[in-house]
file protein.txt (compact mmCIF, C-alpha atoms)
# COMPACT_ATOMS: atom_id res chain seq x y z
CA MET A 1 0.00 0.00 0.00
CA ARG A 2 1.44 3.36 -0.96
CA VAL A 3 2.21 5.83 1.77
CA GLU A 4 0.55 8.64 -0.21
CA TYR A 5 -2.76 7.06 0.68
CA ILE A 6 -2.02 6.81 4.37
CA ASN A 7 -0.61 10.22 5.23
CA PRO A 8 -3.81 12.13 4.41
CA PHE A 9 -5.73 9.87 6.83
CA VAL A 10 -3.19 10.38 9.60
CA GLU A 11 -3.15 14.15 9.07
CA ALA A 12 -6.92 14.38 8.84
CA ALA A 13 -7.36 12.30 11.99
CA PHE A 14 -5.01 14.59 13.90
CA ASN A 15 -6.59 17.80 12.61
CA VAL A 16 -10.15 16.72 13.24
CA LEU A 17 -9.57 15.08 16.63
CA ARG A 18 -7.62 18.08 17.88
CA GLU A 19 -10.26 20.49 16.68
CA VAL A 20 -13.34 18.69 17.96
CA LEU A 21 -11.93 17.26 21.21
CA ASN A 22 -9.50 19.96 22.23
CA VAL A 23 -7.16 17.52 24.01
CA GLU A 24 -3.58 16.39 23.55
CA ILE A 25 -3.20 13.63 20.98
CA LYS A 26 -0.25 11.29 20.47
CA ARG A 27 0.46 8.99 17.60
CA GLY A 28 1.70 5.46 18.24
CA GLU A 29 3.85 3.39 15.91
CA LEU A 30 2.23 2.48 12.60
CA TYR A 31 2.02 -1.21 11.89
CA LEU A 32 0.87 -3.51 9.13
CA LYS A 33 -1.58 -6.33 9.60
CA SER A 34 -2.45 -8.82 6.97
CA VAL A 35 -4.31 -11.36 9.08
CA SER A 36 -7.49 -11.18 11.15
CA GLN A 37 -7.45 -8.80 14.04
CA PRO A 38 -9.75 -8.22 16.98
CA VAL A 39 -12.03 -5.20 17.04
CA LEU A 40 -12.03 -3.13 20.24
CA GLY A 41 -15.79 -2.74 20.81
CA VAL A 42 -17.06 0.18 18.74
CA THR A 43 -16.05 0.35 15.11
CA SER A 44 -17.10 2.82 12.49
CA ILE A 45 -16.46 1.85 8.88
CA VAL A 46 -16.29 4.02 5.77
CA GLY A 47 -15.89 2.45 2.33
CA LEU A 48 -13.88 3.97 -0.51
CA ALA A 49 -14.50 3.42 -4.20
CA GLY A 50 -13.00 4.97 -7.32
CA ASP A 51 -9.40 5.05 -8.60
CA VAL A 52 -8.56 3.04 -5.49
CA GLU A 53 -10.79 0.88 -3.35
CA GLY A 54 -10.85 -0.22 0.22
CA ARG A 55 -12.13 0.85 3.61
CA VAL A 56 -11.17 2.72 6.74
CA LEU A 57 -12.10 1.50 10.22
CA PHE A 58 -12.11 3.63 13.33
CA ASP A 59 -11.83 1.22 16.20
CA MET A 60 -12.09 2.02 19.92
CA ALA A 61 -13.33 0.67 23.24
CA GLU A 62 -16.92 1.57 24.16
CA SER A 63 -15.72 3.62 27.15
CA THR A 64 -13.48 5.65 24.80
CA ALA A 65 -16.32 6.12 22.32
CA LEU A 66 -18.63 7.30 25.09
CA ALA A 67 -16.05 9.76 26.46
CA ILE A 68 -15.41 11.16 22.97
CA ALA A 69 -19.13 11.46 22.19
CA SER A 70 -19.68 13.23 25.54
CA GLN A 71 -16.88 15.70 24.81
CA MET A 72 -18.17 16.41 21.29
CA ASN A 73 -21.71 17.01 22.58
CA GLY A 74 -20.58 19.15 25.50
CA GLU A 75 -22.54 16.99 27.94
CA LYS A 76 -21.98 13.71 29.72
CA LEU A 77 -23.82 10.97 27.85
CA ALA A 78 -24.93 8.18 30.19
CA SER A 79 -24.93 5.34 27.69
CA PHE A 80 -23.83 4.54 24.16
CA ASP A 81 -27.21 5.56 22.73
CA ASP A 82 -28.35 6.77 19.30
CA LEU A 83 -26.89 10.25 19.80
CA ALA A 84 -23.52 8.76 20.85
CA LYS A 85 -23.57 6.50 17.78
CA ALA A 86 -24.43 9.41 15.49
CA THR A 87 -21.57 11.38 17.05
CA ILE A 88 -18.93 8.69 16.49
CA THR A 89 -20.25 8.12 12.97
CA GLU A 90 -19.92 11.82 12.27
CA LEU A 91 -16.36 11.83 13.64
CA ALA A 92 -15.43 9.02 11.23
CA ASN A 93 -17.18 10.86 8.42
CA MET A 94 -15.32 14.13 9.08
CA ILE A 95 -11.90 12.45 9.23
CA THR A 96 -12.48 10.38 6.10
CA ALA A 97 -13.96 13.29 4.17
CA GLN A 98 -11.01 15.54 5.03
CA ALA A 99 -8.57 12.82 3.90
CA ILE A 100 -10.53 12.30 0.67
CA THR A 101 -10.44 16.04 0.02
CA LYS A 102 -6.63 16.02 0.40
CA LEU A 103 -6.27 12.97 -1.87
CA HIS A 104 -8.61 14.56 -4.37
CA ASP A 105 -6.38 17.65 -4.47
CA LEU A 106 -3.44 15.29 -5.15
CA GLY A 107 -5.27 13.93 -8.18
CA PHE A 108 -6.91 10.77 -6.85
CA GLN A 109 -10.59 10.42 -7.61
CA PHE A 110 -12.79 8.43 -5.31
CA ASP A 111 -15.91 8.62 -3.22
CA LEU A 112 -16.81 7.40 0.22
CA THR A 113 -19.81 5.47 1.45
CA PRO A 114 -21.91 6.75 4.35
CA PRO A 115 -20.35 5.46 7.59
CA ALA A 116 -21.77 2.48 9.40
CA ILE A 117 -21.12 1.60 13.03
CA PHE A 118 -20.65 -1.82 14.64
CA THR A 119 -20.74 -2.45 18.35
CA GLY A 120 -20.15 -5.65 20.28
CA ASP A 121 -17.62 -7.92 21.90
CA ASN A 122 -15.47 -10.59 20.34
CA MET A 123 -15.53 -9.19 16.82
CA GLN A 124 -12.81 -9.70 14.26
CA VAL A 125 -12.08 -8.07 10.96
CA THR A 126 -10.49 -9.93 8.05
CA ASP A 127 -9.47 -8.46 4.73
CA THR A 128 -8.77 -10.77 1.84
CA GLU A 129 -5.89 -9.92 -0.46
CA ILE A 130 -5.52 -6.49 1.01
CA GLU A 131 -3.13 -5.32 3.70
CA ALA A 132 -4.31 -3.13 6.54
CA LEU A 133 -2.18 -0.41 8.03
CA ILE A 134 -2.97 0.59 11.60
CA VAL A 135 -2.44 4.07 12.93
CA PRO A 136 -2.86 4.05 16.73
CA ILE A 137 -3.83 7.34 18.32
CA GLU A 138 -3.63 7.88 22.07
CA MET A 139 -5.39 10.53 24.13
CA LYS A 140 -6.77 10.91 27.63
CA PHE A 141 -10.05 9.26 26.59
CA GLY A 142 -8.22 6.12 25.49
CA LYS A 143 -7.01 4.75 22.19
CA ILE A 144 -8.40 4.94 18.66
CA GLU A 145 -6.99 2.64 16.02
CA ILE A 146 -7.39 3.91 12.51
CA ASN A 147 -7.20 0.92 10.25
CA VAL A 148 -6.76 1.72 6.58
CA ALA A 149 -6.88 -0.89 3.81
CA ILE A 150 -6.66 0.50 0.30
CA ARG A 151 -5.58 -1.01 -2.97
CA GLU A 152 -5.33 0.25 -6.50
CA LYS A 153 -8.06 -0.98 -8.75
CA ASN A 154 -7.03 -3.35 -11.50
CA MET B 1 -41.03 54.22 46.55
CA LYS B 2 -39.74 51.74 44.05
CA THR B 3 -41.20 48.31 44.41
CA LYS B 4 -38.71 46.74 42.04
CA MET B 5 -34.94 47.23 41.81
CA ASP B 6 -33.81 48.60 38.50
CA PHE B 7 -30.68 46.77 37.42
CA PRO B 8 -28.66 48.27 34.62
CA THR B 9 -28.79 46.19 31.45
CA ILE B 10 -25.40 44.69 30.83
CA ASN B 11 -26.08 43.50 27.34
CA GLN B 12 -28.30 45.65 25.20
CA ARG B 13 -27.20 44.02 21.97
CA ARG B 14 -29.95 42.49 19.90
CA PRO B 15 -29.17 38.79 19.44
CA ASP B 16 -27.89 38.08 15.92
CA GLY B 17 -30.75 35.70 15.28
CA MET B 18 -33.30 38.49 15.58
CA LYS B 19 -34.45 40.75 12.78
CA GLU B 20 -34.81 44.50 13.30
CA ASN B 21 -38.54 44.01 13.89
CA GLY B 22 -37.75 41.80 16.89
CA LYS B 23 -38.79 38.57 15.20
CA PRO B 24 -36.30 35.73 14.83
CA TYR B 25 -34.88 34.54 11.52
CA ARG B 26 -36.40 31.16 10.63
CA VAL B 27 -34.00 28.41 9.64
CA LEU B 28 -34.49 24.94 8.11
CA ILE B 29 -31.72 22.44 8.95
CA VAL B 30 -31.28 19.56 6.48
CA ASP B 31 -28.88 16.84 7.70
CA ASP B 32 -29.11 13.08 8.15
CA SER B 33 -26.92 13.13 11.27
CA MET B 34 -28.68 13.61 14.59
CA PHE B 35 -25.41 14.89 16.03
CA VAL B 36 -24.85 17.58 13.38
CA THR B 37 -28.48 18.73 13.49
CA LYS B 38 -28.29 19.13 17.25
CA GLN B 39 -24.97 20.99 16.98
CA ILE B 40 -26.27 23.50 14.39
CA GLU B 41 -29.53 23.89 16.33
CA GLN B 42 -27.64 24.75 19.52
CA TYR B 43 -25.46 27.34 17.78
CA LEU B 44 -28.48 29.00 16.18
CA THR B 45 -30.86 29.00 19.14
CA SER B 46 -28.11 30.41 21.38
CA GLU B 47 -28.25 33.56 19.23
CA GLY B 48 -32.02 33.77 19.10
CA PHE B 49 -32.64 32.12 15.72
CA ASP B 50 -35.79 30.05 15.32
CA VAL B 51 -35.15 26.56 13.94
CA ALA B 52 -38.44 26.30 12.06
CA ALA B 53 -37.91 22.67 11.03
CA THR B 54 -35.31 19.96 10.58
CA ALA B 55 -35.18 17.45 7.72
CA VAL B 56 -33.29 14.15 7.42
CA ASN B 57 -32.60 14.02 3.67
CA GLY B 58 -32.81 16.16 0.53
CA GLN B 59 -36.37 15.17 -0.37
CA ASP B 60 -37.57 15.86 3.18
CA GLY B 61 -35.73 19.21 3.03
CA LEU B 62 -37.40 20.17 -0.25
CA ASP B 63 -40.85 19.22 1.09
CA LYS B 64 -40.33 21.15 4.33
CA TYR B 65 -39.03 24.21 2.46
CA LYS B 66 -42.23 24.28 0.36
CA GLU B 67 -44.36 23.85 3.49
CA LEU B 68 -42.60 26.67 5.34
CA TYR B 69 -42.36 29.06 2.37
CA PRO B 70 -42.44 32.06 2.52
CA ASN B 71 -41.83 31.95 6.28
CA VAL B 72 -38.27 30.64 6.02
CA ASP B 73 -35.16 32.80 5.82
CA LEU B 74 -32.30 30.33 5.53
CA VAL B 75 -31.47 26.66 4.88
CA THR B 76 -28.41 24.72 6.03
CA MET B 77 -27.90 21.78 3.67
CA ASP B 78 -25.74 18.68 4.17
CA ILE B 79 -24.48 17.06 0.94
CA THR B 80 -24.12 13.31 1.45
CA MET B 81 -27.58 12.09 2.44
CA PRO B 82 -29.81 9.14 1.56
CA VAL B 83 -32.89 9.36 -0.74
CA MET B 84 -31.88 12.72 -2.23
CA ASP B 85 -28.45 14.31 -1.83
CA GLY B 86 -27.97 17.94 -0.83
CA VAL B 87 -26.80 19.20 -4.22
CA THR B 88 -29.96 17.89 -5.91
CA ALA B 89 -32.11 19.36 -3.12
CA LEU B 90 -30.31 22.70 -3.55
CA GLU B 91 -31.10 22.67 -7.27
CA LYS B 92 -34.77 21.85 -6.65
CA ILE B 93 -35.23 24.47 -3.93
CA ILE B 94 -33.67 27.15 -6.16
CA GLU B 95 -36.01 26.03 -8.97
CA PHE B 96 -38.94 26.63 -6.62
CA ASP B 97 -37.60 29.85 -5.08
CA LYS B 98 -34.69 31.45 -6.90
CA ASP B 99 -34.03 33.77 -3.92
CA ALA B 100 -33.65 30.92 -1.39
CA LYS B 101 -30.67 31.41 0.91
CA ILE B 102 -28.93 28.08 1.22
CA ILE B 103 -25.65 27.30 2.98
CA MET B 104 -24.03 23.98 2.15
CA ILE B 105 -22.47 22.25 5.17
CA SER B 106 -20.29 19.26 4.37
CA ALA B 107 -17.22 17.41 5.56
CA LEU B 108 -16.17 17.25 1.91
CA GLY B 109 -14.26 20.34 0.82
CA LYS B 110 -13.50 19.22 -2.75
CA GLN B 111 -13.05 22.28 -4.95
CA ASP B 112 -15.32 21.03 -7.75
CA LEU B 113 -18.13 20.28 -5.29
CA VAL B 114 -17.87 23.77 -3.74
CA LYS B 115 -17.83 25.37 -7.20
CA LYS B 116 -20.77 23.31 -8.41
CA SER B 117 -22.85 24.24 -5.33
CA LEU B 118 -22.13 27.94 -5.70
CA LEU B 119 -22.93 27.82 -9.44
CA LEU B 120 -26.25 26.13 -8.65
CA GLY B 121 -27.16 28.99 -6.31
CA ALA B 122 -25.82 28.14 -2.86
CA LYS B 123 -24.88 31.35 -1.05
CA ASN B 124 -22.15 29.85 1.13
CA TYR B 125 -20.25 26.64 1.87
CA ILE B 126 -18.95 25.53 5.26
CA VAL B 127 -16.51 22.64 5.60
CA LYS B 128 -16.83 20.57 8.81
CA PRO B 129 -15.77 20.23 11.61
CA LEU B 130 -18.13 22.98 12.65
CA ASP B 131 -17.20 25.79 14.96
CA ARG B 132 -19.85 27.99 16.61
CA LYS B 133 -18.25 31.30 15.71
CA ARG B 134 -17.64 30.37 12.09
CA VAL B 135 -21.16 29.00 11.59
CA LEU B 136 -22.78 32.13 13.05
CA GLU B 137 -20.53 34.41 10.97
CA ARG B 138 -21.39 32.62 7.72
CA VAL B 139 -25.09 32.52 8.58
CA LEU B 140 -25.17 36.30 9.15
CA MET B 141 -23.07 36.93 6.06
CA THR B 142 -25.56 34.89 4.02
CA LEU B 143 -28.63 36.60 5.47
CA LYS B 144 -27.17 39.97 4.57
CA LYS B 145 -26.27 38.99 0.99
call {"tool": "encode", "arguments": {"input": "protein.txt", "output": "structure tokens"}}
result
Amino acid sequence: MRVEYINPFVEAAFNVLREVLNVEIKRGELYLKSVSQPVLGVTSIVGLAGDVEGRVLFDMAESTALAIASQMNGEKLASFDDLAKATITELANMITAQAITKLHDLGFQFDLTPPAIFTGDNMQVTDTEIEALIVPIEMKFGKIEINVAIREKN
Amino acid sequence: MKTKMDFPTINQRRPDGMKENGKPYRVLIVDDSMFVTKQIEQYLTSEGFDVAATAVNGQDGLDKYKELYPNVDLVTMDITMPVMDGVTALEKIIEFDKDAKIIMISALGKQDLVKKSLLLGAKNYIVKPLDRKRVLERVLMTLKK
């Protein structure tokens, strides 16, 4: 997977998270995964289609998702309800859209699907014939793993 | 003797959401995200605007605009939505009322999309994430255009 595809996602994630959460954010070491991996509890997925194809996952523990949703709404949300889900979905949408805009300006043409959210324990994600690059992001609310799998279309 | 204490008014400014006649500007919010709708609603009502209606997709937005017309001053329009997208809804609202004041609000800032919206008659374009100050500035700018 070419690094040109990854950097815009990392940059967009930093910009958006910093702006909407207003907390200190640290990036962990990037790593590649080509086999199945566990999902942390709340995962938002956005699909990409066009010159390249693939998907981006935003993976976090439910407690992290709830803390982030509370911060973004300016009020403490008691449970991971519809508003909390809509908030995390919107976060994934903003990050992906900003990355797509950057890639678009670099000459890549593709669109994104509306985000979907999965919640639950003991989930795994498997990509066939496509490598996933993980960008871990740490903050006081916990960890978000941004999991990007993109390939050029044949 | 005074029965009531007269406190000096600290803030005599008319809220931005109020017209000179003292009535609030009426806004229609079109967005499929509950979070974004709530966020825009909070920004607007905090300045005295009246959120006349909210709609969850372009078709719903078009229908609500026609219902509210002429008692609607401004529309905020998301772009990526199910059933009917925001650019199509923009086109159809302008067809119905060429003077409609519509602000596009999207996470996508692609140049061609911004250009297309403005050519179709949108008065402004805001790229998310949203910020209270910026939203209110653009809303006022649009109302005064």
call {"tool": "residues_near_point", "arguments": {"input": "protein.txt", "point": "(-27.7, 16.6, 16.8)", "cutoff": "12 Å", "atoms": "all atoms listed in the file", "output": "PyMOL selection string"}}
result
(chain A and resi 69+72-74+82-90) or (chain B and resi 29-43+54-56)
call {"tool": "interface_residues", "arguments": {"input": "protein.txt", "of": "chain A", "to": "chain B", "cutoff": "12 Å", "atoms": "only C-alpha atoms", "output": "count of residues only"}}
result
51
call {"tool": "atom_distance", "arguments": {"input": "protein.txt", "atom1": "CA of Arg138 in chain B", "atom2": "CA of Glu95 in chain B"}}
result
23.1 Å
call {"tool": "axis_aligned_box", "arguments": {"input": "protein.txt", "around": "range 129-140 of chain A", "padding_each_side": "3 Å", "output": "lines of an AutoDock Vina configuration file"}}
result
center_x = -4.5
center_y = 0.5
center_z = 13.6
size_x = 10.6
size_y = 26.8
size_z = 34.1
call {"tool": "residues_around", "arguments": {"input": "protein.txt", "residues": "Gln37 in chain A", "least_positions_apart": "6", "cutoff": "9 Å", "atoms": "all atoms listed in the file", "output": "NGL selection string"}}
result
:A and (123-126)
call {"tool": "atom_distance", "arguments": {"input": "protein.txt", "atom1": "CA of Val46 in chain A", "atom2": "CA of Lys140 in chain A"}}
result
24.8 Å
call {"tool": "closest_residue", "arguments": {"input": "protein.txt", "among": "A:Val10, A:Ile68, A:Ile134, A:Val3", "to": "Val23 in chain A", "atoms": "all atoms listed in the file"}}
result
A:Ile68
call {"tool": "build_atoms", "arguments": {"input": "protein.txt", "residues": "range 25-42 of chain B", "atoms": "N, CA and C atoms", "output": "CSV table (one decimal), in the coordinates of the input"}}
result
chain,number,residue,atom,x,y,z
B,25,TYR,N,-35.1,35.1,12.8
B,25,TYR,CA,-34.9,34.5,11.5
B,25,TYR,C,-35.3,33.1,11.6
B,26,ARG,N,-36.0,32.6,10.6
B,26,ARG,CA,-36.4,31.2,10.6
B,26,ARG,C,-35.5,30.3,9.7
B,27,VAL,N,-35.0,29.2,10.3
B,27,VAL,CA,-34.0,28.4,9.6
B,27,VAL,C,-34.5,27.0,9.5
B,28,LEU,N,-34.2,26.4,8.3
B,28,LEU,CA,-34.5,24.9,8.1
B,28,LEU,C,-33.1,24.2,8.1
B,29,ILE,N,-33.0,23.2,8.9
B,29,ILE,CA,-31.7,22.4,9.0
B,29,ILE,C,-32.0,21.1,8.2
B,30,VAL,N,-31.2,20.8,7.2
B,30,VAL,CA,-31.3,19.6,6.5
B,30,VAL,C,-30.0,18.8,6.7
B,31,ASP,N,-30.1,17.7,7.4
B,31,ASP,CA,-28.9,16.8,7.7
B,31,ASP,C,-29.3,15.5,8.2
B,32,ASP,N,-28.7,14.4,7.7
B,32,ASP,CA,-29.1,13.1,8.2
B,32,ASP,C,-28.5,12.7,9.5
B,33,SER,N,-27.6,13.5,10.0
B,33,SER,CA,-26.9,13.1,11.3
B,33,SER,C,-27.6,13.9,12.4
B,34,MET,N,-28.1,13.1,13.4
B,34,MET,CA,-28.7,13.6,14.6
B,34,MET,C,-27.7,14.5,15.3
B,35,PHE,N,-26.4,14.1,15.3
B,35,PHE,CA,-25.4,14.9,16.0
B,35,PHE,C,-25.2,16.3,15.4
B,36,VAL,N,-25.1,16.3,14.1
B,36,VAL,CA,-24.8,17.6,13.4
B,36,VAL,C,-26.1,18.5,13.5
B,37,THR,N,-27.3,17.9,13.4
B,37,THR,CA,-28.5,18.7,13.5
B,37,THR,C,-28.6,19.4,14.9
B,38,LYS,N,-28.2,18.6,15.9
B,38,LYS,CA,-28.3,19.1,17.2
B,38,LYS,C,-27.2,20.2,17.4
B,39,GLN,N,-26.0,20.0,16.9
B,39,GLN,CA,-25.0,21.0,17.0
B,39,GLN,C,-25.4,22.3,16.3
B,40,ILE,N,-25.9,22.3,15.1
B,40,ILE,CA,-26.3,23.5,14.4
B,40,ILE,C,-27.4,24.2,15.1
B,41,GLU,N,-28.4,23.4,15.6
B,41,GLU,CA,-29.5,23.9,16.3
B,41,GLU,C,-29.1,24.7,17.6
B,42,GLN,N,-28.1,24.1,18.3
B,42,GLN,CA,-27.6,24.8,19.5
B,42,GLN,C,-27.0,26.1,19.2
